[in-house]
file work-v9.txt (compact mmCIF, C-alpha atoms and all ligand atoms)
# COMPACT_ATOMS: atom_id res chain seq x y z
CA MET A 1 21.59 65.64 125.35
CA SER A 2 22.13 68.03 128.22
CA GLU A 3 19.32 70.22 129.55
CA THR A 4 18.09 72.80 127.02
CA LYS A 5 15.68 75.74 127.06
CA ILE A 6 13.62 74.32 124.20
CA LYS A 7 13.21 70.75 123.01
CA ILE A 8 11.79 69.25 119.83
CA GLU A 9 8.76 67.98 121.80
CA ASP A 10 7.94 71.53 122.97
CA GLY A 11 6.57 72.45 119.54
CA PRO A 12 7.76 73.97 116.27
CA VAL A 13 10.29 76.78 115.96
CA ALA A 14 9.12 79.73 113.83
CA VAL A 15 11.56 81.54 111.54
CA THR A 16 10.74 84.89 109.91
CA GLY A 17 12.59 85.85 106.73
CA ALA A 18 12.82 82.11 106.05
CA SER A 19 13.33 82.66 102.33
CA GLY A 20 16.32 84.95 102.95
CA TYR A 21 20.04 84.21 102.85
CA ILE A 22 20.43 83.75 106.61
CA GLY A 23 16.84 82.59 107.29
CA SER A 24 17.09 79.70 104.81
CA ARG A 25 20.20 78.37 106.54
CA ILE A 26 18.48 78.67 109.93
CA VAL A 27 15.59 76.56 108.61
CA GLU A 28 18.02 73.97 107.23
CA ASP A 29 19.96 73.76 110.50
CA LEU A 30 16.79 73.33 112.56
CA LEU A 31 15.60 70.55 110.23
CA GLU A 32 18.95 68.81 110.58
CA GLN A 33 18.37 68.77 114.34
CA GLY A 34 14.90 67.24 113.85
CA TYR A 35 12.74 70.31 114.59
CA SER A 36 9.42 71.11 112.96
CA VAL A 37 9.81 74.58 111.47
CA ASN A 38 7.13 77.15 110.72
CA ALA A 39 8.87 79.07 107.96
CA CYS A 40 7.41 82.57 107.53
CA VAL A 41 7.56 84.00 104.02
CA ARG A 42 5.71 86.78 102.26
CA ASP A 43 4.50 84.73 99.30
CA ALA A 44 4.61 80.93 99.51
CA SER A 45 3.74 80.63 95.82
CA ASN A 46 6.81 82.59 94.72
CA ALA A 47 8.97 79.72 93.48
CA ILE A 48 12.08 81.87 93.01
CA LYS A 49 12.05 82.66 96.74
CA THR A 50 10.64 79.46 98.24
CA GLU A 51 11.46 76.46 96.02
CA HIS A 52 14.56 75.60 98.06
CA LEU A 53 12.45 75.60 101.24
CA HIS A 54 9.86 73.21 99.77
CA GLU A 55 12.70 70.94 98.60
CA MET A 56 14.08 70.64 102.15
CA ASN A 57 11.20 68.30 103.05
CA GLU A 58 12.41 65.85 100.40
CA LYS A 59 16.01 65.73 101.60
CA GLY A 60 15.42 63.54 104.66
CA LEU A 61 17.04 66.10 106.94
CA GLY A 62 15.20 64.87 110.04
CA GLY A 63 12.63 67.58 110.74
CA SER A 64 9.95 69.09 108.53
CA VAL A 65 9.11 72.55 107.31
CA GLU A 66 5.73 74.16 106.74
CA LEU A 67 5.37 77.54 105.05
CA TYR A 68 3.25 80.33 106.56
CA GLU A 69 2.55 83.62 104.84
CA GLY A 70 2.94 86.91 106.70
CA ASP A 71 4.08 90.49 106.33
CA LEU A 72 6.20 92.19 108.96
CA PHE A 73 4.35 95.45 108.31
CA LYS A 74 0.99 93.87 109.27
CA LYS A 75 0.12 93.41 112.92
CA GLY A 76 -1.20 89.93 113.66
CA SER A 77 0.45 88.52 110.54
CA TYR A 78 2.31 85.88 112.55
CA ASP A 79 -0.35 84.92 115.13
CA LYS A 80 -1.02 81.66 113.29
CA ALA A 81 2.61 80.85 112.49
CA PHE A 82 3.80 81.39 116.08
CA PHE A 83 0.89 79.56 117.73
CA GLY A 84 2.23 76.64 119.81
CA CYS A 85 5.87 77.42 118.96
CA SER A 86 8.66 77.01 121.53
CA ALA A 87 10.86 79.71 119.99
CA VAL A 88 10.81 82.43 117.38
CA ILE A 89 13.85 83.35 115.32
CA HIS A 90 13.32 86.72 113.66
CA ALA A 91 15.70 86.79 110.67
CA GLY A 92 13.39 88.78 108.39
CA ALA A 93 14.03 92.43 107.74
CA THR A 94 11.82 95.03 106.14
CA VAL A 95 14.88 96.98 105.06
CA GLY A 96 16.61 96.04 101.86
CA PHE A 97 19.92 97.08 100.47
CA ASN A 98 19.74 100.87 100.01
CA ARG A 99 16.13 100.99 98.85
CA GLU A 100 14.64 103.01 101.75
CA THR A 101 15.25 106.43 103.27
CA PRO A 102 17.25 106.40 106.53
CA GLN A 103 14.11 107.27 108.56
CA GLU A 104 12.20 104.38 106.91
CA VAL A 105 15.06 102.03 107.79
CA TYR A 106 14.88 103.14 111.44
CA ASP A 107 11.10 103.11 111.79
CA GLY A 108 10.70 99.82 109.90
CA CYS A 109 12.91 97.94 112.33
CA PHE A 110 10.72 99.04 115.27
CA THR A 111 7.44 98.37 113.50
CA GLU A 112 8.43 94.84 112.48
CA ASN A 113 9.67 93.96 115.95
CA GLU A 114 6.55 95.34 117.61
CA HIS A 115 4.49 93.08 115.34
CA VAL A 116 6.72 90.06 116.04
CA LEU A 117 6.46 90.75 119.79
CA SER A 118 2.69 91.03 119.58
CA SER A 119 2.39 87.59 117.91
CA ILE A 120 4.85 86.09 120.41
CA LYS A 121 2.64 87.28 123.28
CA GLN A 122 -0.44 85.83 121.54
CA SER A 123 1.26 82.43 121.28
CA ASN A 124 1.46 81.84 125.04
CA SER A 125 4.08 79.20 124.26
CA VAL A 126 7.24 80.97 123.05
CA LYS A 127 10.12 80.73 125.53
CA ARG A 128 12.92 82.35 123.49
CA PHE A 129 12.88 85.14 120.96
CA VAL A 130 16.11 85.27 118.96
CA PHE A 131 16.51 88.51 117.00
CA THR A 132 18.92 88.87 114.11
CA SER A 133 20.42 92.20 115.02
CA SER A 134 23.73 93.23 113.48
CA PHE A 135 27.30 94.06 114.38
CA ALA A 136 26.22 97.55 113.33
CA ALA A 137 24.47 97.75 116.72
CA VAL A 138 27.87 97.14 118.35
CA GLY A 139 30.46 98.94 116.20
CA HIS A 140 31.12 102.63 115.89
CA PRO A 141 34.14 104.70 114.90
CA ARG A 142 37.07 103.73 117.08
CA PRO A 143 40.85 103.90 116.79
CA GLU A 144 42.44 101.38 114.43
CA GLY A 145 42.87 97.91 115.87
CA TYR A 146 40.27 98.39 118.64
CA ILE A 147 38.66 95.02 119.43
CA PHE A 148 34.89 95.27 119.81
CA SER A 149 32.96 93.06 122.22
CA GLU A 150 29.32 92.53 123.15
CA LYS A 151 29.68 95.30 125.75
CA ASP A 152 30.02 97.89 122.99
CA TRP A 153 27.01 99.73 121.58
CA CYS A 154 26.98 101.81 118.41
CA GLY A 155 25.64 104.79 120.35
CA ASP A 156 28.62 104.85 122.71
CA ASN A 157 30.27 107.64 120.68
CA VAL A 158 33.65 107.66 122.34
CA ASP A 159 37.18 108.74 121.51
CA GLY A 160 36.62 111.96 119.66
CA TYR A 161 33.76 110.78 117.48
CA LYS A 162 31.01 112.25 119.62
CA GLY A 163 27.88 113.27 117.80
CA ALA A 164 27.92 110.83 114.91
CA TRP A 165 25.97 107.82 116.14
CA THR A 166 23.03 109.69 117.69
CA GLU A 167 19.28 109.97 117.30
CA ASP A 168 19.79 113.43 115.74
CA ASN A 169 21.62 111.93 112.77
CA ILE A 170 19.22 109.08 112.06
CA ALA A 171 17.35 110.83 109.26
CA LYS A 172 20.60 112.04 107.65
CA ASN A 173 22.59 108.85 107.20
CA ARG A 174 21.51 105.31 106.34
CA ASP A 175 24.39 103.60 108.15
CA ILE A 176 23.60 105.49 111.35
CA ALA A 177 19.86 104.80 110.93
CA TYR A 178 20.47 101.07 110.46
CA ALA A 179 22.88 100.82 113.40
CA MET A 180 20.73 102.87 115.76
CA ALA A 181 17.61 100.96 114.65
CA LYS A 182 19.18 97.61 115.49
CA ALA A 183 20.63 98.85 118.81
CA ASN A 184 17.48 100.61 120.02
CA THR A 185 15.29 97.73 118.86
CA GLU A 186 17.44 95.32 120.84
CA LYS A 187 16.86 97.45 123.95
CA MET A 188 13.13 97.60 123.18
CA ILE A 189 12.72 93.81 122.87
CA TYR A 190 14.75 93.10 126.04
CA LYS A 191 12.47 95.50 127.96
CA ALA A 192 9.32 93.95 126.45
CA ALA A 193 10.49 90.43 127.35
CA GLN A 194 11.35 91.47 130.90
CA GLU A 195 7.92 93.06 131.38
CA ASP A 196 6.16 90.02 129.92
CA GLY A 197 8.13 87.48 131.95
CA GLY A 198 7.05 84.56 129.74
CA PHE A 199 9.95 84.62 127.28
CA GLU A 200 13.53 85.85 126.98
CA ALA A 201 14.92 87.94 124.11
CA VAL A 202 18.44 87.29 122.82
CA SER A 203 20.27 88.88 119.86
CA ILE A 204 22.73 87.67 117.26
CA ASN A 205 25.02 90.39 115.88
CA PRO A 206 26.61 89.22 112.62
CA LEU A 207 29.41 91.07 110.84
CA HIS A 208 30.32 90.27 107.20
CA VAL A 209 28.25 87.16 106.43
CA ILE A 210 29.26 85.08 103.43
CA GLY A 211 29.03 81.36 102.68
CA PRO A 212 27.08 79.14 100.29
CA LEU A 213 23.96 80.56 98.62
CA MET A 214 20.94 78.25 98.33
CA SER A 215 19.23 80.16 95.53
CA GLU A 216 19.93 82.82 92.94
CA ASN A 217 17.71 85.13 94.98
CA HIS A 218 20.33 85.09 97.73
CA ASN A 219 22.64 87.10 95.53
CA GLN A 220 20.99 90.33 96.70
CA PHE A 221 22.48 93.50 95.23
CA PHE A 222 25.00 95.07 97.66
CA SER A 223 25.13 92.03 99.96
CA TRP A 224 28.57 90.74 101.02
CA GLN A 225 28.07 87.58 98.95
CA PHE A 226 27.28 89.84 95.96
CA PHE A 227 30.64 91.60 96.47
CA ILE A 228 32.47 88.25 96.61
CA LEU A 229 30.83 87.43 93.28
CA GLN A 230 32.04 90.74 91.86
CA LEU A 231 35.61 89.84 92.85
CA LEU A 232 35.24 86.37 91.33
CA LYS A 233 34.02 88.02 88.12
CA GLY A 234 37.20 90.06 88.01
CA LYS A 235 35.41 93.29 88.93
CA ASP A 236 36.08 95.97 91.45
CA PHE A 237 33.34 97.03 93.84
CA GLY A 238 32.50 100.26 95.58
CA PHE A 239 30.24 101.65 98.26
CA TRP A 240 27.69 104.38 97.64
CA ASP A 241 27.91 106.73 100.62
CA GLY A 242 24.98 108.86 99.48
CA LYS A 243 27.24 111.26 97.56
CA GLN A 244 29.87 109.19 95.80
CA ILE A 245 31.21 105.69 95.28
CA ARG A 246 33.77 105.04 98.00
CA PRO A 247 36.75 102.88 97.05
CA SER A 248 36.64 99.16 97.56
CA THR A 249 39.14 98.86 100.35
CA MET A 250 37.89 97.52 103.64
CA LEU A 251 38.69 95.10 106.42
CA TRP A 252 36.57 92.01 105.85
CA ASN A 253 35.65 90.39 109.15
CA VAL A 254 34.08 87.21 107.90
CA VAL A 255 31.61 84.74 109.37
CA ASP A 256 30.05 81.78 107.55
CA VAL A 257 26.27 81.93 107.01
CA ARG A 258 26.05 78.33 108.27
CA ASP A 259 27.74 79.35 111.53
CA VAL A 260 25.37 82.31 111.84
CA ALA A 261 22.44 79.91 111.39
CA ARG A 262 23.74 77.46 113.97
CA ALA A 263 24.34 80.27 116.46
CA HIS A 264 20.67 81.31 116.17
CA ARG A 265 19.51 77.79 117.00
CA LEU A 266 22.01 77.44 119.86
CA ALA A 267 20.85 80.79 121.24
CA ALA A 268 17.30 79.40 121.31
CA GLU A 269 18.35 76.12 122.92
CA SER A 270 21.11 77.00 125.36
CA LEU A 271 20.45 77.70 129.02
CA LYS A 272 23.40 80.13 129.13
CA PRO A 273 21.79 83.18 127.45
CA LYS A 274 19.70 85.42 129.67
CA ASN A 275 17.23 88.07 128.59
CA GLY A 276 19.40 90.75 126.94
CA SER A 277 22.28 88.46 125.96
CA ARG A 278 23.89 89.32 122.62
CA TYR A 279 26.41 87.39 120.55
CA ILE A 280 28.75 88.87 117.97
CA LEU A 281 29.13 86.58 114.96
CA SER A 282 32.37 87.54 113.26
CA ALA A 283 35.73 85.94 112.53
CA SER A 284 36.73 83.35 115.11
CA ASP A 285 40.37 84.50 114.94
CA ARG A 286 42.74 86.73 112.93
CA SER A 287 42.60 84.37 109.93
CA GLY A 288 39.03 85.52 109.21
CA GLU A 289 39.96 89.22 109.23
CA MET A 290 41.34 90.29 105.86
CA PHE A 291 41.91 93.50 103.99
CA THR A 292 40.40 93.34 100.51
CA TRP A 293 43.83 92.78 98.94
CA GLU A 294 44.38 89.79 101.25
CA LEU A 295 40.94 88.42 100.43
CA GLN A 296 41.46 88.75 96.67
CA ALA A 297 44.83 86.95 97.01
CA LYS A 298 43.09 84.12 98.91
CA LEU A 299 40.38 83.90 96.21
CA LYS A 300 43.11 83.72 93.55
CA GLU A 301 44.66 80.80 95.39
CA LEU A 302 41.34 78.96 95.89
CA PHE A 303 39.88 79.65 92.42
CA SER A 304 43.05 79.50 90.33
CA ASP A 305 41.14 78.29 87.25
CA ILE A 306 38.77 81.27 87.17
CA GLY A 307 41.28 83.71 85.73
CA GLU A 308 41.08 87.37 86.68
CA ILE A 309 40.05 88.11 90.28
CA GLY A 310 38.95 91.68 90.97
CA GLY A 311 39.59 93.87 93.99
CA GLU A 312 41.70 96.77 95.01
CA GLN A 313 44.59 98.20 93.03
CA MET A 314 48.00 96.62 93.65
CA LEU A 315 51.50 97.82 92.82
CA ASP A 316 54.49 95.47 93.14
CA GLY A 317 52.39 93.05 95.20
CA LYS A 318 51.33 95.79 97.63
CA PRO A 319 48.02 97.68 97.87
CA THR A 320 48.17 101.24 96.53
CA ASN A 321 45.86 102.50 99.29
CA LYS A 322 46.06 101.97 103.02
CA THR A 323 42.90 100.54 104.61
CA TYR A 324 41.59 101.68 107.98
CA ASP A 325 42.15 98.71 110.30
CA SER A 326 38.63 98.25 111.66
CA PRO A 327 36.34 96.59 112.65
CA ARG A 328 38.19 93.94 114.58
CA SER A 329 36.09 91.53 116.65
CA TYR A 330 35.83 87.80 117.36
CA CYS A 331 32.91 85.44 117.99
CA SER A 332 34.54 84.20 121.22
CA LEU A 333 31.41 84.55 123.38
CA ALA A 334 29.29 82.53 120.94
CA LYS A 335 31.96 79.83 121.06
CA SER A 336 32.36 79.77 124.84
CA GLU A 337 28.71 80.23 125.89
CA LEU A 338 26.81 78.61 123.03
CA GLY A 339 29.42 75.99 122.10
CA LEU A 340 29.61 77.23 118.50
CA SER A 341 32.27 75.71 116.26
CA THR A 342 33.14 77.53 113.06
CA TYR A 343 34.24 76.97 109.47
CA SER A 344 37.69 78.12 108.41
CA ILE A 345 37.95 81.13 106.09
CA GLU A 346 39.14 78.83 103.27
CA GLU A 347 36.11 76.53 103.67
CA THR A 348 33.79 79.54 103.68
CA LEU A 349 35.28 81.23 100.61
CA LEU A 350 35.36 77.95 98.68
CA ALA A 351 31.75 77.14 99.53
CA THR A 352 30.63 80.67 98.61
CA GLY A 353 32.30 80.65 95.20
CA ASN A 354 31.34 77.06 94.42
CA SER A 355 27.67 77.80 95.17
CA GLN A 356 27.82 80.83 92.87
CA ILE A 357 29.34 78.67 90.12
CA ARG A 358 26.67 76.00 90.71
CA LEU A 359 23.93 78.64 90.40
CA ASN A 360 25.47 79.83 87.11
CA LEU A 361 26.11 83.30 88.53
CA ILE A 362 29.68 83.30 87.26
N1 LIG X 401 23.83 89.38 105.53
C1 LIG X 401 24.62 90.02 106.41
O1 LIG X 401 25.84 90.18 106.19
C2 LIG X 401 24.03 90.55 107.68
C3 LIG X 401 24.90 91.12 108.63
C4 LIG X 401 24.35 91.62 109.81
C5 LIG X 401 22.99 91.54 110.03
N2 LIG X 401 22.17 91.00 109.09
C6 LIG X 401 20.73 90.93 109.37
O2 LIG X 401 20.28 89.62 109.12
C7 LIG X 401 18.90 89.66 108.73
C8 LIG X 401 18.73 88.80 107.50
O3 LIG X 401 19.57 89.27 106.48
P1 LIG X 401 19.79 88.50 105.12
O4 LIG X 401 21.17 88.80 104.67
O5 LIG X 401 19.35 87.09 105.25
O6 LIG X 401 18.79 89.30 104.16
P2 LIG X 401 17.82 88.79 103.00
O7 LIG X 401 18.39 87.65 102.28
O8 LIG X 401 17.48 90.01 102.21
O9 LIG X 401 16.53 88.30 103.78
C9 LIG X 401 15.56 89.19 104.25
C10 LIG X 401 14.28 88.44 104.48
O10 LIG X 401 13.29 89.36 105.00
C11 LIG X 401 12.08 89.14 104.31
N3 LIG X 401 11.25 90.35 104.26
C12 LIG X 401 11.52 91.54 103.68
N4 LIG X 401 10.50 92.39 103.86
C13 LIG X 401 9.54 91.71 104.53
C14 LIG X 401 8.24 92.03 104.98
N5 LIG X 401 7.70 93.24 104.80
N6 LIG X 401 7.54 91.07 105.64
C15 LIG X 401 8.06 89.83 105.83
N7 LIG X 401 9.28 89.47 105.43
C16 LIG X 401 10.02 90.40 104.78
C17 LIG X 401 12.49 88.71 102.91
O11 LIG X 401 11.40 88.00 102.37
P3 LIG X 401 11.03 87.97 100.82
O12 LIG X 401 11.68 86.73 100.32
O13 LIG X 401 9.57 87.92 100.76
O14 LIG X 401 11.60 89.19 100.18
C18 LIG X 401 13.69 87.83 103.21
O15 LIG X 401 13.29 86.52 103.50
C19 LIG X 401 18.55 91.13 108.58
O16 LIG X 401 17.90 91.59 109.73
C20 LIG X 401 19.90 91.82 108.46
O17 LIG X 401 19.85 93.14 108.94
C21 LIG X 401 22.66 90.50 107.92
call {"tool": "encode", "arguments": {"input": "work-v9.txt", "output": "structure tokens"}}
result
Amino acid sequence: MSETKIKIEDGPVAVTGASGYIGSRIVEDLLEQGYSVNACVRDASNAIKTEHLHEMNEKGLGGSVELYEGDLFKKGSYDKAFFGCSAVIHAGATVGFNRETPQEVYDGCFTENEHVLSSIKQSNSVKRFVFTSSFAAVGHPRPEGYIFSEKDWCGDNVDGYKGAWTEDNIAKNRDIAYAMAKANTEKMIYKAAQEDGGFEAVSINPLHVIGPLMSENHNQFFSWQFFILQLLKGKDFGFWDGKQIRPSTMLWNVVDVRDVARAHRLAAESLKPKNGSRYILSASDRSGEMFTWELQAKLKELFSDIGEIGGEQMLDGKPTNKTYDSPRSYCSLAKSELGLSTYSIEETLLATGNSQIRLNLI
């Protein structure tokens, strides 16, 4: 193996949000590489959320996982879990799907990262801090077809959209609060790492994450995988914009949860990332970017025995509504710098639906 920032012998890797949809796959990937993983969960005795993590030790994956309890709202919660670790992957999030006020979303992201940073500093051993940010910290209203890259920030506010993605609007709009929280938190952790000098902070910015669920609990209400399930159940879906349900048309820019997991580990291992590096995790090419009507047609093809597939309204094989062609973006930097290889859109959609069938969700 070529030179890496962290090695198995350097100590365990800690993962926050280890019970979550992305966190669970990060734990699995690290085990497959032979790492010891300190998996941070809120309640280790909650079987619904942790059974699949306990079971990983019996699968002969190579490494081993130990569960540590902690709460992102409590300072010092992760001192024990991070002690002696070579890297921390922070995939936990105190914000759920539309349960908090916009200001709580914004403040929570800072509070949790301050607590994670504090425990990293206590560890005296962590060399890389990988933060699960979001594409929301990158994207912002742009003309149709604009291709976003890691150089973009949601607060850029260009091209006639000035004023929307600003601090002033945080308390008014959840999407803006979430995006600004992730972007400003990224900047905060890069600064903290630079001042400390003992570790580097790197971010992963995923777009629409789908892929196989490990547990029923991963079918969180309003998650992208939840919407795929709605389509497979023959239902339409909509977005609550705070005032009304917006129609279900959108450009899906899909990345597989297993690729997102692998990118986190590669970002911890690779010598290429520097403090402040960020990696968009989205489609690897145009095949992973689909309007809802294209996605529902693909699901029909892949799950022909399911019957009715939901989605947007069609007339004579064409969508009745035009969809705004955004956000377009590709995970090219993660591929070139981290050496990430990705699943095809067909493999991802099949694995998502099959896991939902296996879990009796359909
Ligand atoms: N999924 C996507 O499409 C997507 C896209 C872009 C960015 N992201 C980001 O990726 C991260 C993970 O998302 P996900 O989809 O995996 O969400 P998820 O399945 O809801 O996982 C969230 C995790 O955070 C934990 N958590 C919640 N509140 C906590 C607290 N107070 N203390 C400690 N842990 C707490 C949850 O633990 P419990 O099991 O105890 O509830 C859970 O393990 C988030 O930061 C999210 O913003 C996700």
call {"tool": "closest_atom_pairs", "arguments": {"input": "work-v9.txt", "of": "chain A", "to": "ligand LIG 401 (chain X)", "cutoff": "7 Å", "atoms": "only C-alpha atoms and all ligand atoms", "output": "CSV"}}
result
residue,atom,partner,partner_atom,distance
A:Thr16,CA,X:LIG401,N7,6.6
A:Gly17,CA,X:LIG401,O15,3.4
A:Ala18,CA,X:LIG401,O15,5.1
A:Ser19,CA,X:LIG401,O15,4.0
A:Gly20,CA,X:LIG401,O15,3.5
A:Tyr21,CA,X:LIG401,O5,3.8
A:Ile22,CA,X:LIG401,O5,3.8
A:Gly23,CA,X:LIG401,O5,5.5
A:Val41,CA,X:LIG401,O13,5.5
A:Arg42,CA,X:LIG401,O13,4.3
A:Asp43,CA,X:LIG401,O13,6.2
A:Lys49,CA,X:LIG401,O12,5.4
A:Gly70,CA,X:LIG401,C15,6.0
A:Asp71,CA,X:LIG401,N6,3.6
A:Leu72,CA,X:LIG401,N6,3.8
A:Phe73,CA,X:LIG401,N5,5.3
A:Ala91,CA,X:LIG401,C7,4.7
A:Gly92,CA,X:LIG401,O10,3.4
A:Ala93,CA,X:LIG401,O10,4.2
A:Thr94,CA,X:LIG401,N4,3.7
A:Val95,CA,X:LIG401,N4,6.5
A:Gly96,CA,X:LIG401,O8,6.1
A:Thr132,CA,X:LIG401,O2,5.2
A:Ser133,CA,X:LIG401,C5,5.7
A:Ser134,CA,X:LIG401,C5,3.9
A:Phe135,CA,X:LIG401,C4,6.0
A:Asn205,CA,X:LIG401,C4,6.2
A:Pro206,CA,X:LIG401,C4,4.3
A:Leu207,CA,X:LIG401,C3,5.0
A:His208,CA,X:LIG401,O1,4.6
A:Val209,CA,X:LIG401,O1,3.9
A:Ile210,CA,X:LIG401,O1,6.7
A:His218,CA,X:LIG401,O7,5.6
A:Gln220,CA,X:LIG401,O8,6.5
A:Ser223,CA,X:LIG401,N1,6.3
A:Trp224,CA,X:LIG401,O1,5.9
call {"tool": "closest_residue", "arguments": {"input": "work-v9.txt", "among": "A:Ser344, A:Asn360, A:Thr166, A:Ser64", "to": "A:Asn219", "atoms": "all atoms listed in the file"}}
result
A:Asn360
call {"tool": "closest_residue", "arguments": {"input": "work-v9.txt", "among": "A:Ile280, A:Ile170, A:Val37, A:Leu350", "to": "A:Gly63", "atoms": "all atoms listed in the file"}}
result
A:Val37
call {"tool": "closest_residue", "arguments": {"input": "work-v9.txt", "among": "A:Ala171, A:Val15, A:Leu295, A:Leu338", "to": "A:Ile228", "atoms": "only C-alpha atoms"}}
result
A:Leu295
call {"tool": "atom_distance", "arguments": {"input": "work-v9.txt", "atom1": "atom CA of A:Leu53", "atom2": "atom CA of A:Glu112"}}
result
22.6 Å
call {"tool": "closest_residue", "arguments": {"input": "work-v9.txt", "among": "A:Ala14, A:Ile204, A:Ala193, A:Val88", "to": "A:Arg278", "atoms": "all atoms listed in the file"}}
result
A:Ile204
call {"tool": "atom_distance", "arguments": {"input": "work-v9.txt", "atom1": "atom CA of A:Glu150", "atom2": "atom CA of A:Lys272"}}
result
15.0 Å
call {"tool": "atom_distance", "arguments": {"input": "work-v9.txt", "atom1": "atom CA of A:His90", "atom2": "atom CA of A:Phe131"}}
result
5.0 Å
call {"tool": "closest_residue", "arguments": {"input": "work-v9.txt", "among": "A:Leu229, A:Met214, A:Gln356, A:Leu117", "to": "A:Thr185", "atoms": "all atoms listed in the file"}}
result
A:Leu117
call {"tool": "residues_around", "arguments": {"input": "work-v9.txt", "residues": "A:Ser287", "least_positions_apart": "4", "cutoff": "10 Å", "atoms": "all atoms listed in the file", "output": "list in words"}}
result
Asn253, Val254, Ala283, Ser344, Ile345 and Glu346 of chain A
call {"tool": "axis_aligned_box", "arguments": {"input": "work-v9.txt", "around": "stretch 219-225 of chain A", "padding_each_side": "8 Å", "output": "JSON"}}
result
{"center_x": 24.8, "center_y": 91.1, "center_z": 98.1, "size_x": 23.6, "size_y": 24.0, "size_z": 21.8}
call {"tool": "closest_residue", "arguments": {"input": "work-v9.txt", "among": "A:Leu361, A:Cys85, A:Leu299, A:Leu333", "to": "A:Gly311", "atoms": "all atoms listed in the file"}}
result
A:Leu299
call {"tool": "residues_around", "arguments": {"input": "work-v9.txt", "residues": "A:Leu315", "least_positions_apart": "5", "cutoff": "12 Å", "atoms": "only C-alpha atoms", "output": "ChimeraX atom specification"}}
result
/A:293,320-321
call {"tool": "write_last_selection", "arguments": {"input": "work-v9.txt", "atoms": "C-alpha atoms", "output": "compact mmCIF listing (two decimals), in the frame of the given file"}}
result
# COMPACT_ATOMS: atom_id res chain seq x y z
CA TRP A 293 43.83 92.78 98.94
CA THR A 320 48.17 101.24 96.53
CA ASN A 321 45.86 102.50 99.29
call {"tool": "residues_near_point", "arguments": {"input": "work-v9.txt", "point": "(21.6, 99.9, 121.7)", "cutoff": "7 Å", "atoms": "only C-alpha atoms", "output": "PyMOL selection string"}}
result
chain A and resi 137+153-155+180+183-184+186-187
call {"tool": "residues_near_point", "arguments": {"input": "work-v9.txt", "point": "(39.6, 86.2, 86.2)", "cutoff": "10 Å", "atoms": "all atoms listed in the file", "output": "ChimeraX atom specification"}}
result
/A:231-235,300,303-310
call {"tool": "residues_around", "arguments": {"input": "work-v9.txt", "residues": "A:Arg174", "least_positions_apart": "2", "cutoff": "8 Å", "atoms": "all atoms listed in the file", "output": "VMD selection string"}}
result
chain A and resid 98 101 to 103 105 170 to 172 176 to 178
